[in-house]
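Participant: For reference, this is query-v8.pdb, and it has PDB, C-alpha atoms and all ligand atoms.
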```pdb
ATOM      1  CA  MET G   1      37.204 166.071 226.798  1.00  0.00           C
ATOM      2  CA  LYS G   2      39.368 166.779 223.808  1.00  0.00           C
ATOM      3  CA  ASN G   3      40.903 163.856 221.950  1.00  0.00           C
ATOM      4  CA  THR G   4      44.229 165.319 220.923  1.00  0.00           C
ATOM      5  CA  LEU G   5      46.004 163.021 218.486  1.00  0.00           C
ATOM      6  CA  ILE G   6      49.690 162.222 218.950  1.00  0.00           C
ATOM      7  CA  ALA G   7      51.729 161.474 215.819  1.00  0.00           C
ATOM      8  CA  PRO G   8      55.310 160.275 216.395  1.00  0.00           C
ATOM      9  CA  SER G   9      57.550 161.315 213.505  1.00  0.00           C
ATOM     10  CA  VAL G  10      59.383 158.277 212.130  1.00  0.00           C
ATOM     11  CA  LEU G  11      62.186 160.544 210.876  1.00  0.00           C
ATOM     12  CA  ALA G  12      63.605 160.323 214.398  1.00  0.00           C
ATOM     13  CA  ALA G  13      63.372 156.505 214.598  1.00  0.00           C
ATOM     14  CA  ASP G  14      66.402 154.217 214.538  1.00  0.00           C
ATOM     15  CA  PHE G  15      66.419 153.077 210.888  1.00  0.00           C
ATOM     16  CA  ALA G  16      68.560 150.059 211.730  1.00  0.00           C
ATOM     17  CA  ASN G  17      65.760 148.984 214.062  1.00  0.00           C
ATOM     18  CA  LEU G  18      62.812 150.327 212.149  1.00  0.00           C
ATOM     19  CA  GLN G  19      60.474 147.412 212.756  1.00  0.00           C
ATOM     20  CA  ARG G  20      61.153 147.590 216.497  1.00  0.00           C
ATOM     21  CA  ASP G  21      60.354 151.303 216.519  1.00  0.00           C
ATOM     22  CA  ILE G  22      57.176 150.823 214.463  1.00  0.00           C
ATOM     23  CA  GLU G  23      56.021 148.110 216.882  1.00  0.00           C
ATOM     24  CA  MET G  24      56.725 150.481 219.772  1.00  0.00           C
ATOM     25  CA  VAL G  25      54.355 153.047 218.247  1.00  0.00           C
ATOM     26  CA  ASN G  26      51.768 150.300 217.598  1.00  0.00           C
ATOM     27  CA  ALA G  27      51.899 149.316 221.263  1.00  0.00           C
ATOM     28  CA  SER G  28      51.740 152.903 222.535  1.00  0.00           C
ATOM     29  CA  GLU G  29      48.887 155.378 222.964  1.00  0.00           C
ATOM     30  CA  ALA G  30      49.987 157.208 219.800  1.00  0.00           C
ATOM     31  CA  ASP G  31      47.301 157.740 217.184  1.00  0.00           C
ATOM     32  CA  TRP G  32      49.148 158.272 213.909  1.00  0.00           C
ATOM     33  CA  PHE G  33      52.488 157.589 212.232  1.00  0.00           C
ATOM     34  CA  HIS G  34      53.939 160.833 210.825  1.00  0.00           C
ATOM     35  CA  ILE G  35      56.100 160.165 207.759  1.00  0.00           C
ATOM     36  CA  ASP G  36      58.392 162.916 206.435  1.00  0.00           C
ATOM     37  CA  ILE G  37      59.279 162.721 202.747  1.00  0.00           C
ATOM     38  CA  MET G  38      61.982 165.219 201.683  1.00  0.00           C
ATOM     39  CA  ASP G  39      63.381 165.670 198.184  1.00  0.00           C
ATOM     40  CA  GLY G  40      66.497 167.781 198.718  1.00  0.00           C
ATOM     41  CA  VAL G  41      64.932 170.512 196.544  1.00  0.00           C
ATOM     42  CA  PHE G  42      61.946 171.911 198.441  1.00  0.00           C
ATOM     43  CA  VAL G  43      63.932 171.430 201.645  1.00  0.00           C
ATOM     44  CA  PRO G  44      67.719 171.198 202.074  1.00  0.00           C
ATOM     45  CA  ASN G  45      67.624 167.553 203.124  1.00  0.00           C
ATOM     46  CA  ILE G  46      66.679 164.119 201.769  1.00  0.00           C
ATOM     47  CA  SER G  47      64.919 161.748 204.167  1.00  0.00           C
ATOM     48  CA  PHE G  48      63.700 158.455 202.702  1.00  0.00           C
ATOM     49  CA  GLY G  49      61.388 157.357 199.928  1.00  0.00           C
ATOM     50  CA  MET G  50      59.050 154.708 198.634  1.00  0.00           C
ATOM     51  CA  PRO G  51      60.829 151.442 199.614  1.00  0.00           C
ATOM     52  CA  VAL G  52      61.111 152.610 203.213  1.00  0.00           C
ATOM     53  CA  LEU G  53      57.463 153.640 203.363  1.00  0.00           C
ATOM     54  CA  GLU G  54      56.526 150.269 201.885  1.00  0.00           C
ATOM     55  CA  ALA G  55      58.412 148.570 204.727  1.00  0.00           C
ATOM     56  CA  ILE G  56      56.759 150.837 207.323  1.00  0.00           C
ATOM     57  CA  GLN G  57      53.307 150.112 205.895  1.00  0.00           C
ATOM     58  CA  LYS G  58      53.797 146.363 206.387  1.00  0.00           C
ATOM     59  CA  HIS G  59      54.049 146.792 210.142  1.00  0.00           C
ATOM     60  CA  ALA G  60      52.188 150.013 210.969  1.00  0.00           C
ATOM     61  CA  LYS G  61      48.771 149.414 212.528  1.00  0.00           C
ATOM     62  CA  LYS G  62      47.713 153.068 212.829  1.00  0.00           C
ATOM     63  CA  THR G  63      46.797 155.941 210.515  1.00  0.00           C
ATOM     64  CA  ILE G  64      49.644 156.856 208.165  1.00  0.00           C
ATOM     65  CA  ASP G  65      50.087 160.623 207.923  1.00  0.00           C
ATOM     66  CA  VAL G  66      52.455 161.500 205.071  1.00  0.00           C
ATOM     67  CA  HIS G  67      54.065 164.960 205.007  1.00  0.00           C
ATOM     68  CA  LEU G  68      55.442 165.690 201.552  1.00  0.00           C
ATOM     69  CA  MET G  69      58.255 168.246 201.565  1.00  0.00           C
ATOM     70  CA  ILE G  70      58.728 167.970 197.814  1.00  0.00           C
ATOM     71  CA  VAL G  71      58.236 170.171 194.773  1.00  0.00           C
ATOM     72  CA  ASP G  72      55.348 169.424 192.413  1.00  0.00           C
ATOM     73  CA  PRO G  73      53.704 166.813 194.690  1.00  0.00           C
ATOM     74  CA  ASP G  74      50.931 166.083 192.161  1.00  0.00           C
ATOM     75  CA  ARG G  75      53.353 163.657 190.465  1.00  0.00           C
ATOM     76  CA  TYR G  76      53.198 161.254 193.412  1.00  0.00           C
ATOM     77  CA  ILE G  77      49.620 161.356 194.744  1.00  0.00           C
ATOM     78  CA  THR G  78      48.680 157.926 193.352  1.00  0.00           C
ATOM     79  CA  THR G  79      51.985 156.443 194.479  1.00  0.00           C
ATOM     80  CA  PHE G  80      51.464 157.503 198.087  1.00  0.00           C
ATOM     81  CA  LYS G  81      47.927 156.156 198.060  1.00  0.00           C
ATOM     82  CA  LYS G  82      49.346 152.768 197.023  1.00  0.00           C
ATOM     83  CA  LEU G  83      51.937 153.031 199.786  1.00  0.00           C
ATOM     84  CA  GLY G  84      49.199 153.262 202.402  1.00  0.00           C
ATOM     85  CA  ALA G  85      48.874 156.996 203.099  1.00  0.00           C
ATOM     86  CA  ASP G  86      45.629 157.850 204.892  1.00  0.00           C
ATOM     87  CA  VAL G  87      46.412 161.556 205.160  1.00  0.00           C
ATOM     88  CA  LEU G  88      48.509 163.206 202.433  1.00  0.00           C
ATOM     89  CA  THR G  89      49.868 166.673 203.192  1.00  0.00           C
ATOM     90  CA  VAL G  90      51.450 168.943 200.591  1.00  0.00           C
ATOM     91  CA  HIS G  91      53.144 172.284 201.162  1.00  0.00           C
ATOM     92  CA  TYR G  92      51.282 175.461 200.290  1.00  0.00           C
ATOM     93  CA  GLU G  93      54.581 176.848 199.000  1.00  0.00           C
ATOM     94  CA  ALA G  94      55.081 173.880 196.637  1.00  0.00           C
ATOM     95  CA  CYS G  95      51.688 174.010 194.882  1.00  0.00           C
ATOM     96  CA  THR G  96      50.799 176.363 192.050  1.00  0.00           C
ATOM     97  CA  HIS G  97      47.267 174.966 191.804  1.00  0.00           C
ATOM     98  CA  LEU G  98      46.540 174.024 195.393  1.00  0.00           C
ATOM     99  CA  HIS G  99      42.798 173.583 194.902  1.00  0.00           C
ATOM    100  CA  ARG G 100      43.411 171.089 192.100  1.00  0.00           C
ATOM    101  CA  THR G 101      45.972 169.201 194.174  1.00  0.00           C
ATOM    102  CA  LEU G 102      43.554 168.902 197.103  1.00  0.00           C
ATOM    103  CA  GLN G 103      40.818 167.524 194.851  1.00  0.00           C
ATOM    104  CA  ALA G 104      43.262 164.994 193.377  1.00  0.00           C
ATOM    105  CA  ILE G 105      44.240 163.771 196.858  1.00  0.00           C
ATOM    106  CA  LYS G 106      40.594 163.402 197.879  1.00  0.00           C
ATOM    107  CA  ALA G 107      39.728 161.640 194.621  1.00  0.00           C
ATOM    108  CA  GLU G 108      42.197 158.933 195.700  1.00  0.00           C
ATOM    109  CA  GLY G 109      40.260 158.499 198.951  1.00  0.00           C
ATOM    110  CA  MET G 110      42.830 160.157 201.213  1.00  0.00           C
ATOM    111  CA  LYS G 111      42.430 163.066 203.628  1.00  0.00           C
ATOM    112  CA  ALA G 112      43.988 166.186 202.137  1.00  0.00           C
ATOM    113  CA  GLY G 113      46.425 168.264 204.182  1.00  0.00           C
ATOM    114  CA  VAL G 114      48.235 171.548 203.573  1.00  0.00           C
ATOM    115  CA  ALA G 115      51.434 172.456 205.430  1.00  0.00           C
ATOM    116  CA  LEU G 116      52.499 176.050 205.994  1.00  0.00           C
ATOM    117  CA  ASN G 117      56.095 177.160 206.436  1.00  0.00           C
ATOM    118  CA  PRO G 118      56.737 179.438 209.423  1.00  0.00           C
ATOM    119  CA  HIS G 119      56.624 182.552 207.205  1.00  0.00           C
ATOM    120  CA  THR G 120      53.356 181.668 205.450  1.00  0.00           C
ATOM    121  CA  ASN G 121      50.278 183.503 206.682  1.00  0.00           C
ATOM    122  CA  VAL G 122      47.284 181.338 207.594  1.00  0.00           C
ATOM    123  CA  ASP G 123      44.941 183.848 205.907  1.00  0.00           C
ATOM    124  CA  LEU G 124      46.204 182.591 202.533  1.00  0.00           C
ATOM    125  CA  LEU G 125      44.013 179.528 203.110  1.00  0.00           C
ATOM    126  CA  GLU G 126      40.801 181.513 203.479  1.00  0.00           C
ATOM    127  CA  ASP G 127      39.380 180.625 200.057  1.00  0.00           C
ATOM    128  CA  VAL G 128      40.220 176.941 200.266  1.00  0.00           C
ATOM    129  CA  ILE G 129      39.829 176.068 203.953  1.00  0.00           C
ATOM    130  CA  GLN G 130      36.585 174.131 203.445  1.00  0.00           C
ATOM    131  CA  ASP G 131      38.425 171.795 201.064  1.00  0.00           C
ATOM    132  CA  ILE G 132      41.220 171.038 203.539  1.00  0.00           C
ATOM    133  CA  ASP G 133      40.971 168.158 206.022  1.00  0.00           C
ATOM    134  CA  LEU G 134      44.126 169.141 207.899  1.00  0.00           C
ATOM    135  CA  VAL G 135      46.406 172.165 208.110  1.00  0.00           C
ATOM    136  CA  CYS G 136      49.923 171.387 209.313  1.00  0.00           C
ATOM    137  CA  ILE G 137      51.480 174.452 210.888  1.00  0.00           C
ATOM    138  CA  MET G 138      55.253 174.113 210.750  1.00  0.00           C
ATOM    139  CA  SER G 139      56.671 175.210 214.077  1.00  0.00           C
ATOM    140  CA  VAL G 140      60.235 174.850 212.707  1.00  0.00           C
ATOM    141  CA  ASN G 141      61.616 175.381 209.216  1.00  0.00           C
ATOM    142  CA  PRO G 142      60.982 172.065 207.455  1.00  0.00           C
ATOM    143  CA  GLY G 143      63.916 169.814 206.598  1.00  0.00           C
ATOM    144  CA  PHE G 144      65.302 168.522 209.873  1.00  0.00           C
ATOM    145  CA  GLY G 145      64.180 166.956 213.122  1.00  0.00           C
ATOM    146  CA  GLY G 146      65.385 168.165 216.497  1.00  0.00           C
ATOM    147  CA  GLN G 147      65.087 171.930 215.919  1.00  0.00           C
ATOM    148  CA  SER G 148      63.712 174.396 218.450  1.00  0.00           C
ATOM    149  CA  PHE G 149      60.089 175.400 218.475  1.00  0.00           C
ATOM    150  CA  ILE G 150      59.171 178.818 217.027  1.00  0.00           C
ATOM    151  CA  GLU G 151      57.105 180.721 219.604  1.00  0.00           C
ATOM    152  CA  ASN G 152      55.041 182.633 217.018  1.00  0.00           C
ATOM    153  CA  THR G 153      53.240 179.332 216.360  1.00  0.00           C
ATOM    154  CA  TYR G 154      50.712 179.894 219.175  1.00  0.00           C
ATOM    155  CA  SER G 155      49.277 183.031 217.563  1.00  0.00           C
ATOM    156  CA  LYS G 156      49.179 181.308 214.158  1.00  0.00           C
ATOM    157  CA  VAL G 157      47.185 178.430 215.650  1.00  0.00           C
ATOM    158  CA  LYS G 158      44.693 180.825 217.241  1.00  0.00           C
ATOM    159  CA  LYS G 159      44.280 182.745 214.002  1.00  0.00           C
ATOM    160  CA  LEU G 160      43.774 179.545 212.014  1.00  0.00           C
ATOM    161  CA  LYS G 161      41.271 178.204 214.557  1.00  0.00           C
ATOM    162  CA  ALA G 162      39.260 181.426 214.228  1.00  0.00           C
ATOM    163  CA  LEU G 163      39.317 181.118 210.420  1.00  0.00           C
ATOM    164  CA  ILE G 164      38.131 177.491 210.574  1.00  0.00           C
ATOM    165  CA  GLN G 165      35.273 178.426 212.907  1.00  0.00           C
ATOM    166  CA  ARG G 166      34.291 181.487 210.882  1.00  0.00           C
ATOM    167  CA  LYS G 167      34.140 179.391 207.711  1.00  0.00           C
ATOM    168  CA  ASN G 168      32.346 176.526 209.454  1.00  0.00           C
ATOM    169  CA  ALA G 169      35.020 174.076 208.288  1.00  0.00           C
ATOM    170  CA  ALA G 170      35.914 170.724 209.878  1.00  0.00           C
ATOM    171  CA  THR G 171      39.675 171.132 209.341  1.00  0.00           C
ATOM    172  CA  LEU G 172      42.090 169.660 211.882  1.00  0.00           C
ATOM    173  CA  ILE G 173      45.112 171.664 213.020  1.00  0.00           C
ATOM    174  CA  GLU G 174      48.400 169.764 213.234  1.00  0.00           C
ATOM    175  CA  ILE G 175      51.624 171.145 214.723  1.00  0.00           C
ATOM    176  CA  ASP G 176      54.954 169.882 213.426  1.00  0.00           C
ATOM    177  CA  GLY G 177      58.394 170.642 214.856  1.00  0.00           C
ATOM    178  CA  GLY G 178      59.915 170.982 218.281  1.00  0.00           C
ATOM    179  CA  VAL G 179      56.877 169.647 220.149  1.00  0.00           C
ATOM    180  CA  THR G 180      57.583 168.573 223.748  1.00  0.00           C
ATOM    181  CA  ASN G 181      55.762 168.358 227.075  1.00  0.00           C
ATOM    182  CA  LYS G 182      56.677 172.053 227.542  1.00  0.00           C
ATOM    183  CA  ASN G 183      54.514 173.395 224.696  1.00  0.00           C
ATOM    184  CA  ALA G 184      51.955 170.611 224.068  1.00  0.00           C
ATOM    185  CA  LYS G 185      49.248 171.840 226.430  1.00  0.00           C
ATOM    186  CA  GLN G 186      49.508 175.455 225.305  1.00  0.00           C
ATOM    187  CA  LEU G 187      49.263 174.364 221.660  1.00  0.00           C
ATOM    188  CA  VAL G 188      46.097 172.400 222.354  1.00  0.00           C
ATOM    189  CA  ASP G 189      44.638 175.324 224.299  1.00  0.00           C
ATOM    190  CA  ALA G 190      45.342 177.515 221.248  1.00  0.00           C
ATOM    191  CA  GLY G 191      43.394 175.076 219.038  1.00  0.00           C
ATOM    192  CA  ALA G 192      45.718 172.266 217.941  1.00  0.00           C
ATOM    193  CA  ASP G 193      44.200 168.810 217.279  1.00  0.00           C
ATOM    194  CA  VAL G 194      47.249 166.760 216.219  1.00  0.00           C
ATOM    195  CA  LEU G 195      50.758 167.005 217.668  1.00  0.00           C
ATOM    196  CA  VAL G 196      53.716 165.590 215.749  1.00  0.00           C
ATOM    197  CA  ALA G 197      56.729 164.708 217.898  1.00  0.00           C
ATOM    198  CA  GLY G 198      59.942 163.190 216.574  1.00  0.00           C
ATOM    199  CA  SER G 199      63.096 163.586 218.617  1.00  0.00           C
ATOM    200  CA  TYR G 200      61.159 164.169 221.827  1.00  0.00           C
ATOM    201  CA  VAL G 201      59.579 160.696 221.509  1.00  0.00           C
ATOM    202  CA  PHE G 202      62.294 158.600 219.880  1.00  0.00           C
ATOM    203  CA  GLY G 203      65.107 160.273 221.820  1.00  0.00           C
ATOM    204  CA  ALA G 204      63.426 159.531 225.147  1.00  0.00           C
ATOM    205  CA  GLU G 205      64.626 156.800 227.449  1.00  0.00           C
ATOM    206  CA  ASP G 206      61.070 155.473 227.597  1.00  0.00           C
ATOM    207  CA  PRO G 207      59.237 156.436 224.372  1.00  0.00           C
ATOM    208  CA  ILE G 208      55.994 154.658 225.389  1.00  0.00           C
ATOM    209  CA  ALA G 209      55.808 156.618 228.642  1.00  0.00           C
ATOM    210  CA  THR G 210      56.683 159.829 226.793  1.00  0.00           C
ATOM    211  CA  ILE G 211      53.805 159.294 224.358  1.00  0.00           C
ATOM    212  CA  GLN G 212      51.483 158.462 227.242  1.00  0.00           C
ATOM    213  CA  ASN G 213      52.512 161.639 229.015  1.00  0.00           C
ATOM    214  CA  LEU G 214      51.960 163.784 225.879  1.00  0.00           C
ATOM    215  CA  LYS G 215      48.571 162.162 225.467  1.00  0.00           C
ATOM    216  CA  SER G 216      47.494 162.706 229.063  1.00  0.00           C
ATOM    217  CA  ILE G 217      48.598 166.349 229.350  1.00  0.00           C
ATOM    218  CA  THR G 218      46.722 167.297 226.188  1.00  0.00           C
ATOM    219  CA  GLN G 219      43.283 165.796 226.897  1.00  0.00           C
TER     220      GLN G 219
HETATM  221  C1  LIG G 301      60.578 168.609 209.927  1.00  0.00           C
HETATM  222  C2  LIG G 301      59.621 167.449 209.906  1.00  0.00           C
HETATM  223  C3  LIG G 301      59.110 167.075 211.251  1.00  0.00           C
HETATM  224  C4  LIG G 301      60.165 166.508 212.169  1.00  0.00           C
HETATM  225  C5  LIG G 301      59.763 166.758 213.586  1.00  0.00           C
HETATM  226  O1  LIG G 301      60.858 168.973 208.623  1.00  0.00           O
HETATM  227  O2  LIG G 301      58.493 167.765 209.103  1.00  0.00           O
HETATM  228  O3  LIG G 301      58.021 166.179 211.147  1.00  0.00           O
HETATM  229  O4  LIG G 301      60.343 165.127 211.950  1.00  0.00           O
HETATM  230  O5  LIG G 301      60.820 166.419 214.399  1.00  0.00           O
HETATM  231  P1  LIG G 301      61.003 167.037 215.860  1.00  0.00           P
HETATM  232  O6  LIG G 301      59.810 166.672 216.647  1.00  0.00           O
HETATM  233  O7  LIG G 301      62.263 166.402 216.317  1.00  0.00           O
HETATM  234  O8  LIG G 301      61.127 168.548 215.690  1.00  0.00           O
HETATM  235 ZN    ZN G 302      56.688 166.494 209.261  1.00  0.00          ZN
END
```
Spit out the file's structure as structure tokens when you get a sec.
Ligand code: DX5
Ligand code: ZN
Facilitator:
Amino acid sequence: MKNTLIAPSVLAADFANLQRDIEMVNASEADWFHIDIMDGVFVPNISFGMPVLEAIQKHAKKTIDVHLMIVDPDRYITTFKKLGADVLTVHYEACTHLHRTLQAIKAEGMKAGVALNPHTNVDLLEDVIQDIDLVCIMSVNPGFGGQSFIENTYSKVKKLKALIQRKNAATLIEIDGGVTNKNAKQLVDAGADVLVAGSYVFGAEDPIATIQNLKSITQ
């Protein structure tokens, strides 16, 4: 049996009731908290920053998976470690010296992730895949929650899975954007290990049952 991990994206939470929404995830079958940090430069949107993550960290009882959609992420690696990040993901497109960035993340004791925009070919990771703990395949253009899933993602996942196996790497594959009960199973069959879901979870009438359903259809 596969243990697919479910990571609700806090970007879609109700910020006026953030503690309530964090406790909901704690009480659910979800595995990780997915935290989207946007700088208004790498992506055309600004989400939230350090004080909000500090507040989340106080209540979150599960793995904190931070997705940095920012330019020059090396500036903040130590800061995010202090804020409780367990997994720190940077964008391939935002790193000039990706190998160095990955080593710096790991030196802080975090898992190192690399996110790929929809146009970025997975083969670009060939020479660094063994140094990556997680590849986040963006199944929407990063910057906003609630967008529709890009169908080309399935073939990217399969290609990446083949690369990971060929290189004998232990890298996890995470999918981020537009994940619902309609595509979850097919993504896992293609090779996905972690599914991020924002609006589908927090916009549901019963988020706990929605998480439970995502979990059960992907095992
Ligand atoms: C998009 C973010 C995603 C987003 C997912 O830039 O990286 O994590 O919160 O939201 P949904 O699941 O609503 O597409
Ligand atoms: Zn994200």
Participant: Please return as a list in words every residue within 7 Å of (45.2, 159.0, 219.7), taking into account all atoms listed in the file and the file's own coordinates.
Facilitator: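 Selection result: Asn3, Thr4, Leu5, Ile6, Glu29, Ala30 and Asp31 of chain G.
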Participant: Residues within 6 Å of ligand ZN 302 (chain G) (only C-alpha atoms and all ligand atoms), as a VMD selection string?
Facilitator: chain G and resid 36 67 176
Participant: Write to file, as an mmCIF file, in the coordinates of the input, the residues of the selection just made, with C-alpha atoms.
Facilitator:
```cif
data_model
loop_
_atom_site.group_PDB
_atom_site.id
_atom_site.type_symbol
_atom_site.label_atom_id
_atom_site.label_comp_id
_atom_site.auth_asym_id
_atom_site.auth_seq_id
_atom_site.Cartn_x
_atom_site.Cartn_y
_atom_site.Cartn_z
ATOM 1 C CA ASP G 36 58.392 162.916 206.435
ATOM 2 C CA HIS G 67 54.065 164.960 205.007
ATOM 3 C CA ASP G 176 54.954 169.882 213.426
#
```
Participant: Excluding Gly143 of chain G and any residue of its chain fewer than 4 positions from it, enumerate the residues within 9 Å of it, using only C-alpha atoms, and give them as a list in words.
Facilitator: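 After dropping sequence-adjacent residues, the list is Asp36, Met38, Gly40, Phe42, Val43, Pro44, Asn45, Ile46, Ser47 and Met69 of chain G.
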Participant: Name every residue that the PyMOL selection byres (((chain G and resi 34) around 12) and not hetatm) selects in this structure, writing the answer as a PyMOL selection string with chains first and numbers rising.
Facilitator: chain G and resi 5-13+22+25+30-33+35-37+53+56-57+60+62-68+85-89+136+174-177+194-198
Participant: Using only C-alpha atoms, give me every residue within 12 Å of (52.3, 154.1, 194.1) in file coordinates, as a PyMOL selection string.
Facilitator: chain G and resi 49-51+53-54+75-85+108
Participant: Smallest atom-to-atom distance to Met24 of chain G: which of G:Lys161, G:Val128, G:Asp206, G:Asn168, using only C-alpha atoms?
Facilitator: G:Asp206
Participant: Just the number, please: distance in Å from atom O8 of ligand LIG 301 (chain G) to atom CA of Met110 of chain G, one decimal.
Facilitator: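 These two atoms are separated by 24.8 Å.
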Participant: May I ask which of the residues G:Ser139, G:Gln130, G:Gln186, G:Gln147 is the closest one to Ile164 of chain G, counting only C-alpha atoms?
Facilitator: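 Of the candidates, the smallest distance to Ile164 of chain G is held by G:Gln130.
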Participant: What is the distance, in Å and to one decimal place, between atom CA of His59 of chain G and atom CA of Ser28 of chain G?
Facilitator: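 So the two atoms, atom CA of His59 of chain G and atom CA of Ser28 of chain G, lie 14.0 Å apart.
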Participant: Point out the residue among G:Gly178, G:Pro73, G:Gly191, G:Gly113 with the least atom-to-atom distance to Leu134 of chain G, counting only C-alpha atoms.
Facilitator: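 Nearest to Leu134 of chain G: G:Gly113.
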Participant: Provide the atom CA of Ser155 of chain G to atom CA of Ala169 of chain G distance in Å, to one decimal place.
Facilitator: 19.2 Å
Participant: So which one's closest to ligand LIG 301 (chain G), G:Cys95, G:Ile173, G:Met1, G:Val201? Using only C-alpha atoms and all ligand atoms, please.
Facilitator: G:Val201
Participant: Between G:Thr101, G:Thr96, G:Asn26, G:Asn181, which residue has the minimum interatomic distance to ligand LIG 301 (chain G), considering only C-alpha atoms and all ligand atoms?
Facilitator: G:Asn181
Participant: For a quick check of understanding, using all atoms listed in the file, which of G:Gln103, G:Ser216, G:Thr171, G:Thr153 has the smallest distance to Val135 of chain G?
Facilitator: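 Ranked by minimum distance to Val135 of chain G, first place goes to G:Thr171.
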Participant: Within 9 Å of Asn117 of chain G, counting all atoms listed in the file, which residues qualify if same-chain residues fewer than 5 places away don't, as a PDB file with C-alpha atoms, in the frame of the given file?
Facilitator:
```
ATOM      1  CA  HIS G  91      53.144 172.284 201.162  1.00  0.00           C
ATOM      2  CA  TYR G  92      51.282 175.461 200.290  1.00  0.00           C
ATOM      3  CA  GLU G  93      54.581 176.848 199.000  1.00  0.00           C
ATOM      4  CA  CYS G 136      49.923 171.387 209.313  1.00  0.00           C
ATOM      5  CA  ILE G 137      51.480 174.452 210.888  1.00  0.00           C
ATOM      6  CA  MET G 138      55.253 174.113 210.750  1.00  0.00           C
ATOM      7  CA  SER G 139      56.671 175.210 214.077  1.00  0.00           C
ATOM      8  CA  VAL G 140      60.235 174.850 212.707  1.00  0.00           C
ATOM      9  CA  ASN G 141      61.616 175.381 209.216  1.00  0.00           C
ATOM     10  CA  PRO G 142      60.982 172.065 207.455  1.00  0.00           C
TER      11      PRO G 142
END
```
